[in-house]
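This is protein.txt (compact mmCIF, C-alpha atoms).
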# COMPACT_ATOMS: atom_id res chain seq x y z
CA MET N 1 0.00 0.00 0.00
CA THR N 2 1.34 3.41 -0.92
CA GLN N 3 1.58 6.26 1.49
CA ILE N 4 1.69 9.85 0.34
CA ASN N 5 3.10 12.63 2.50
CA THR N 6 1.61 15.90 1.33
CA PRO N 7 2.20 19.49 2.31
CA HIS N 8 0.19 20.76 5.27
CA ASP N 9 -2.05 22.79 2.98
CA PRO N 10 -5.70 21.86 3.56
CA GLN N 11 -6.55 22.50 -0.06
CA ARG N 12 -4.05 19.88 -1.20
CA ARG N 13 -4.52 17.44 1.57
CA ARG N 14 -5.10 13.92 0.37
CA LEU N 15 -6.01 10.96 2.46
CA LEU N 16 -3.02 9.07 3.70
CA VAL N 17 -3.66 5.65 2.28
CA GLY N 18 -3.04 2.66 4.39
CA LEU N 19 -3.15 4.23 7.81
CA GLY N 20 -2.99 1.38 10.24
CA ALA N 21 -2.85 -0.99 7.29
CA GLY N 22 -3.84 -4.48 8.28
CA GLY N 23 -1.36 -6.07 10.60
CA LEU N 24 1.39 -7.26 8.28
CA ALA N 25 4.11 -8.43 10.62
CA VAL N 26 7.46 -6.81 10.06
CA ILE N 27 10.09 -9.48 9.75
CA GLY N 28 13.23 -7.44 10.28
CA MET N 29 15.80 -9.52 8.50
CA THR N 30 18.90 -7.37 8.40
CA LEU N 31 21.47 -8.73 6.00
CA VAL N 32 24.14 -6.16 6.90
CA PRO N 33 25.59 -6.00 10.44
CA ARG N 34 24.24 -3.06 12.41
CA ALA N 35 27.72 -1.60 12.94
CA VAL N 36 28.22 -0.77 9.27
CA LEU N 37 24.86 0.85 8.60
CA ALA N 38 24.42 4.57 8.39
CA ASP N 39 22.41 6.40 10.99
CA ALA N 40 20.83 9.77 11.67
CA ASP N 41 24.24 11.44 12.15
CA SER N 42 25.80 10.23 8.92
CA MET N 43 22.62 11.13 7.04
CA ALA N 44 22.68 14.60 8.61
CA ALA N 45 26.29 14.95 7.44
CA ALA N 46 25.35 13.79 3.94
CA ILE N 47 22.51 16.34 3.83
CA LYS N 48 24.79 19.13 5.01
CA GLU N 49 27.26 18.22 2.29
CA ARG N 50 24.55 19.00 -0.26
CA ILE N 51 22.82 22.04 1.23
CA GLY N 52 25.33 23.53 3.64
CA ASP N 53 23.76 25.47 6.52
CA ALA N 54 20.45 26.19 4.77
CA VAL N 55 17.45 25.73 7.04
CA MET N 56 15.06 23.04 5.81
CA GLN N 57 11.35 23.87 5.87
CA ASP N 58 8.43 21.45 5.83
CA GLY N 59 6.06 21.23 2.94
CA ARG N 60 5.90 21.42 -0.87
CA ILE N 61 7.20 17.90 -1.36
CA GLY N 62 4.80 15.03 -1.99
CA LEU N 63 6.77 11.85 -1.32
CA GLU N 64 5.27 8.55 -2.48
CA LEU N 65 6.63 5.34 -1.00
CA PRO N 66 5.15 1.98 -0.04
CA GLN N 67 4.33 1.66 3.64
CA ILE N 68 5.78 -1.83 3.56
CA ALA N 69 8.43 -2.89 1.04
CA GLU N 70 8.34 -6.65 0.50
CA ASN N 71 11.64 -6.66 -1.34
CA GLY N 72 14.33 -4.27 -0.17
CA ASN N 73 16.19 -4.75 -3.46
CA THR N 74 13.69 -2.72 -5.42
CA VAL N 75 11.57 -0.16 -3.61
CA PRO N 76 9.70 2.29 -5.85
CA ILE N 77 9.96 5.95 -4.96
CA SER N 78 8.24 8.94 -6.55
CA PHE N 79 8.04 12.55 -5.54
CA GLU N 80 6.64 15.79 -6.85
CA VAL N 81 7.58 19.23 -5.56
CA ASP N 82 5.01 22.02 -5.66
CA SER N 83 6.60 24.69 -7.88
CA PRO N 84 5.64 26.82 -10.91
CA MET N 85 8.83 25.58 -12.63
CA SER N 86 9.22 28.92 -14.36
CA GLU N 87 12.47 30.65 -15.30
CA SER N 88 12.34 32.71 -12.12
CA ASP N 89 10.97 30.11 -9.70
CA TYR N 90 11.85 26.45 -10.08
CA VAL N 91 13.22 23.45 -8.25
CA LYS N 92 16.95 23.13 -8.86
CA ALA N 93 17.56 19.76 -7.27
CA VAL N 94 16.02 17.08 -5.12
CA HIS N 95 18.31 14.92 -3.00
CA VAL N 96 17.11 11.58 -1.61
CA PHE N 97 18.62 9.91 1.45
CA ALA N 98 18.11 6.55 3.20
CA GLU N 99 18.89 6.96 6.87
CA LYS N 100 19.95 3.40 7.66
CA ASN N 101 21.51 2.18 4.42
CA PRO N 102 25.27 1.44 4.49
CA LEU N 103 25.65 4.79 2.69
CA PRO N 104 22.88 7.38 3.10
CA ASN N 105 22.96 8.97 -0.37
CA VAL N 106 20.44 7.51 -2.83
CA ALA N 107 20.36 10.05 -5.67
CA THR N 108 20.23 13.71 -6.67
CA PHE N 109 17.83 14.80 -9.41
CA HIS N 110 18.65 18.03 -11.27
CA PHE N 111 15.67 19.88 -12.69
CA THR N 112 15.47 22.89 -15.01
CA PRO N 113 12.68 25.32 -15.93
CA ARG N 114 12.23 23.06 -18.97
CA SER N 115 11.27 20.15 -16.73
CA GLY N 116 7.65 21.29 -16.51
CA LYS N 117 7.22 19.37 -13.26
CA ALA N 118 9.70 18.70 -10.47
CA ARG N 119 8.69 15.10 -10.50
CA ALA N 120 10.64 11.86 -10.77
CA SER N 121 10.29 8.14 -10.14
CA THR N 122 12.89 5.45 -9.65
CA ARG N 123 13.59 2.32 -7.62
CA MET N 124 16.05 1.99 -4.78
CA ARG N 125 17.62 -0.56 -2.46
CA LEU N 126 16.84 -0.37 1.24
CA ALA N 127 18.80 -2.39 3.78
CA LYS N 128 16.13 -2.32 6.49
CA THR N 129 13.18 -0.43 7.87
CA GLN N 130 14.14 3.25 7.93
CA ASN N 131 13.32 6.84 7.16
CA ILE N 132 13.63 8.12 3.62
CA VAL N 133 14.31 11.85 3.35
CA ALA N 134 13.82 14.07 0.30
CA VAL N 135 15.40 17.54 0.28
CA ALA N 136 14.38 20.05 -2.40
CA GLU N 137 16.57 23.04 -3.28
CA MET N 138 14.73 25.94 -4.93
CA SER N 139 16.13 28.49 -7.34
CA ASP N 140 15.63 31.22 -4.71
CA GLY N 141 17.83 29.37 -2.23
CA SER N 142 15.03 28.05 -0.02
CA VAL N 143 15.15 24.39 0.97
CA TYR N 144 12.30 22.02 1.81
CA MET N 145 12.29 18.57 3.31
CA ALA N 146 9.97 15.58 3.59
CA LYS N 147 10.49 12.36 5.52
CA THR N 148 8.66 9.02 5.42
CA GLU N 149 9.32 5.71 7.08
CA VAL N 150 9.36 2.56 4.95
CA LYS N 151 9.09 -0.84 6.62
CA VAL N 152 11.32 -3.36 4.86
CA THR N 153 10.59 -7.07 5.26
CA ILE N 154 13.63 -8.42 3.40
CA GLY N 155 16.65 -6.11 3.26
CA GLY N 156 18.24 -5.32 -0.08
CA CYS N 157 21.90 -4.64 0.53
CA GLY N 158 23.61 -7.88 1.52
CA GLY N 159 24.82 -11.03 -0.29
CA MET R 160 30.15 -6.72 -18.53
CA ALA R 161 26.89 -8.31 -19.67
CA LYS R 162 25.17 -6.47 -22.49
CA VAL R 163 23.80 -3.18 -21.26
CA LYS R 164 20.57 -2.29 -23.01
CA PRO R 165 18.92 1.11 -22.65
CA ARG R 166 15.22 1.59 -23.41
CA VAL R 167 13.29 4.82 -23.51
CA LYS R 168 9.62 5.68 -23.86
CA VAL R 169 8.99 9.12 -25.32
CA PRO R 170 5.74 10.23 -26.94
CA LYS R 171 6.18 10.52 -30.73
CA THR R 172 4.16 13.72 -30.90
CA ALA R 173 3.14 16.42 -28.47
CA ALA R 174 1.50 19.82 -28.41
CA LYS R 175 3.82 22.78 -27.98
CA GLY R 176 4.11 23.56 -24.30
CA GLU R 177 2.72 20.19 -23.23
CA ILE R 178 4.46 18.58 -20.27
CA ILE R 179 5.35 15.07 -21.41
CA GLU R 180 6.47 12.09 -19.36
CA ILE R 181 9.57 10.16 -20.29
CA LYS R 182 10.32 6.68 -18.96
CA THR R 183 13.73 5.07 -19.19
CA LEU R 184 15.15 1.72 -18.22
CA ILE R 185 18.63 0.33 -18.62
CA SER R 186 19.75 -3.22 -17.94
CA HIS R 187 22.74 -2.83 -15.63
CA LYS R 188 23.76 -4.81 -12.56
CA MET R 189 24.44 -1.70 -10.45
CA GLU R 190 26.94 -3.61 -8.30
CA SER R 191 26.66 -1.68 -5.06
CA GLY R 192 30.00 -2.51 -3.50
CA GLN R 193 28.24 -3.97 -0.45
CA ARG R 194 27.95 -7.58 -1.61
CA LYS R 195 30.60 -10.12 -0.60
CA ASP R 196 32.04 -12.81 -2.84
CA LYS R 197 30.74 -16.04 -1.33
CA LYS R 198 34.02 -17.89 -1.90
CA THR R 199 36.61 -15.33 -0.88
CA GLY R 200 34.61 -13.24 1.56
CA GLU R 201 35.95 -10.14 -0.22
CA LYS R 202 33.63 -7.28 -1.06
CA ILE R 203 32.75 -7.18 -4.74
CA PRO R 204 33.86 -3.75 -5.97
CA ARG R 205 31.26 -1.13 -6.79
CA MET R 206 30.38 -0.72 -10.46
CA ILE R 207 27.30 1.38 -11.01
CA ILE R 208 25.93 3.92 -13.42
CA ASN R 209 26.47 7.18 -11.56
CA LYS R 210 25.14 9.75 -14.04
CA PHE R 211 22.02 9.98 -16.21
CA THR R 212 21.44 12.90 -18.55
CA CYS R 213 18.66 13.88 -20.93
CA THR R 214 19.25 16.53 -23.57
CA TYR R 215 16.64 18.03 -25.84
CA ASN R 216 18.14 19.32 -29.10
CA GLY R 217 21.44 19.53 -27.28
CA VAL R 218 20.22 21.31 -24.14
CA VAL R 219 20.31 19.44 -20.82
CA VAL R 220 16.75 19.41 -19.51
CA PHE R 221 17.15 16.82 -16.75
CA SER R 222 19.93 14.86 -15.13
CA ALA R 223 20.48 12.64 -12.13
CA ASP R 224 23.39 11.53 -9.96
CA TRP R 225 22.90 7.94 -8.87
CA HIS R 226 24.49 6.30 -5.85
CA ALA R 227 24.82 2.63 -4.89
CA ALA R 228 21.27 2.52 -3.50
CA ILE R 229 19.70 2.74 -6.96
CA SER R 230 18.37 -0.71 -7.86
CA THR R 231 19.65 -3.10 -10.51
CA ASN R 232 18.22 -2.30 -13.97
CA PRO R 233 17.66 1.32 -13.03
CA TYR R 234 14.31 2.87 -13.90
CA MET R 235 14.01 6.62 -14.25
CA ALA R 236 10.82 8.50 -15.11
CA PHE R 237 10.65 12.29 -15.33
CA ASN R 238 8.94 15.11 -17.21
CA THR R 239 9.95 17.73 -19.74
CA VAL R 240 8.17 20.46 -21.67
CA ALA R 241 7.64 19.75 -25.38
CA THR R 242 9.18 22.95 -26.71
CA GLU R 243 10.01 22.07 -30.33
CA SER R 244 10.44 19.12 -32.66
CA GLY R 245 13.74 17.38 -32.51
CA THR R 246 15.77 14.77 -30.73
CA LEU R 247 16.04 13.74 -27.13
CA GLU R 248 19.34 12.10 -26.23
CA PHE R 249 19.73 9.95 -23.16
CA THR R 250 23.14 9.12 -21.72
CA TRP R 251 24.16 6.84 -18.89
CA VAL R 252 27.74 6.89 -17.55
CA ASP R 253 29.36 4.09 -15.57
CA ASP R 254 31.91 4.30 -12.73
CA ASP R 255 34.60 3.22 -15.22
CA GLY R 256 33.59 5.85 -17.76
CA SER R 257 31.64 3.54 -20.07
CA THR R 258 28.87 5.46 -21.74
CA TYR R 259 25.55 4.14 -23.00
CA SER R 260 23.12 6.19 -25.05
CA LYS R 261 19.77 6.13 -26.74
CA SER R 262 17.92 8.79 -28.67
CA ALA R 263 14.30 9.42 -29.57
CA LYS R 264 12.67 11.85 -31.96
CA ILE R 265 9.66 13.96 -31.10
CA THR R 266 7.37 16.01 -33.31
CA VAL R 267 5.92 19.06 -31.59
CA GLN R 268 2.94 20.82 -33.18
Since I need it in another form, could you write the structure as structure tokens?
Amino acid sequence: MTQINTPHDPQRRRLLVGLGAGGLAVIGMTLVPRAVLADADSMAAAIKERIGDAVMQDGRIGLELPQIAENGNTVPISFEVDSPMSESDYVKAVHVFAEKNPLPNVATFHFTPRSGKARASTRMRLAKTQNIVAVAEMSDGSVYMAKTEVKVTIGGCGG
Amino acid sequence: MAKVKPRVKVPKTAAKGEIIEIKTLISHKMESGQRKDKKTGEKIPRMIINKFTCTYNGVVVFSADWHAAISTNPYMAFNTVATESGTLEFTWVDDDGSTYSKSAKITVQ
């Protein structure tokens, strides 16, 4: 079941699908020893490497991820950032991080005013249940952030 | 390396100013550098595609930096504005500098 984190704007609020979704047990099979996984600190460092000291605000990013990922080897991720995508006001980049992967960086997507929408979809590997963070850098220097937890039943980073 | 095949899905025609969706897929192992060789116990070295670029009549309209967490056979869908007729070029670059490309033509009315 997909969950969608939307901005806190009542006019764009959509129902979060799968709230309390029916009791699927989380079998936390970690294939990589805990000691070598990333954590909140290394993800924070990875974020800072991209955006420096900019303050991250909530909102504008709609992050679409499954609530439960059956196969950590291929977890679909989509996002769309609310932006006019005009020459004077557009999303420059969106960085995606996985808090507890061996390395927290997943990808950076570079948009241009010719993108039309600051929207992208791909598939990623997740080692275990963790937070996924998307950080959007705007052309005016402002930065937005969205975070969603994905439960992973079979991790996708080991042998 | 096993044959690397890129595939792209681009609408053949579009209205001027229309925001079109492009879907791409490339068959590539995306060896993350985390897996261990079962016999030797050594980590298998990383070998992934780390850069994806889309140009539209020579202008970069979208690009992405991929890290080891992008899945095998990477899928990438994104949008672009249909500005004029011409050619979209897609390029994928490997850690060792190998480049794979695919192009598609679009007619914009």
Rank R:Ala228, R:Ala241, R:Ile179, R:Val163 by their smallest atom-to-atom distance to R:Gln268, using all atoms listed in the file, and report the top residue only.
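With all atoms listed in the file as the atom set, the closest residue is R:Ala241.
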Proximity check chain N to chain R, 9 Å, nearest pairs one decimal Å, all atoms listed in the file, as a Markdown table:
| residue | atom | partner | partner_atom | distance |
| --- | --- | --- | --- | --- |
| N:Val32 | CA | R:Gln193 | CA | 8.7 |
| N:Asn73 | CA | R:Ser230 | CA | 6.4 |
| N:Thr74 | CA | R:Ser230 | CA | 5.6 |
| N:Val75 | CA | R:Ser230 | CA | 8.0 |
| N:Ser78 | CA | R:Ala236 | CA | 9.0 |
| N:Ala98 | CA | R:Ala228 | CA | 8.4 |
| N:Asn101 | CA | R:Ala228 | CA | 7.9 |
| N:Pro102 | CA | R:Gln193 | CA | 7.9 |
| N:Leu103 | CA | R:Ala228 | CA | 7.9 |
| N:Pro104 | CA | R:Ala228 | CA | 8.4 |
| N:Asn105 | CA | R:His226 | CA | 6.3 |
| N:Val106 | CA | R:Ala228 | CA | 5.1 |
| N:Ala107 | CA | R:Trp225 | CA | 4.6 |
| N:Thr108 | CA | R:Asp224 | CA | 5.1 |
| N:Phe109 | CA | R:Ala223 | CA | 4.4 |
| N:His110 | CA | R:Ser222 | CA | 5.2 |
| N:Phe111 | CA | R:Phe221 | CA | 5.3 |
| N:Thr112 | CA | R:Val220 | CA | 5.8 |
| N:Pro113 | CA | R:Val220 | CA | 8.0 |
| N:Arg114 | CA | R:Val240 | CA | 5.5 |
| N:Ser115 | CA | R:Thr239 | CA | 4.1 |
| N:Gly116 | CA | R:Val240 | CA | 5.3 |
| N:Lys117 | CA | R:Asn238 | CA | 6.1 |
| N:Ala118 | CA | R:Asn238 | CA | 7.7 |
| N:Arg119 | CA | R:Phe237 | CA | 5.9 |
| N:Ala120 | CA | R:Phe237 | CA | 4.6 |
| N:Ser121 | CA | R:Ala236 | CA | 5.0 |
| N:Thr122 | CA | R:Met235 | CA | 4.9 |
| N:Arg123 | CA | R:Ser230 | CA | 5.7 |
| N:Met124 | CA | R:Ile229 | CA | 4.3 |
| N:Arg125 | CA | R:Ala228 | CA | 4.9 |
| N:Leu126 | CA | R:Ala228 | CA | 7.1 |
| N:Cys157 | CA | R:Gln193 | CA | 6.5 |
| N:Gly158 | CA | R:Arg194 | CA | 5.4 |
| N:Gly159 | CA | R:Arg194 | CA | 4.8 |
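The space separating atom CA of N:Glu64 from atom CA of N:Met145 comes to 13.5 Å.
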Pairwise distance for atom CA of N:Glu99 and atom CA of N:Gln57, rounded to one decimal in Å:
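That distance, rounded to one decimal, is 18.5 Å.
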I'd like the interatomic distance between atom CA of N:Ser42 and atom CA of N:Ile77, to a tenth of an Å.
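Result for atom CA of N:Ser42 versus atom CA of N:Ile77: 21.5 Å, one decimal.
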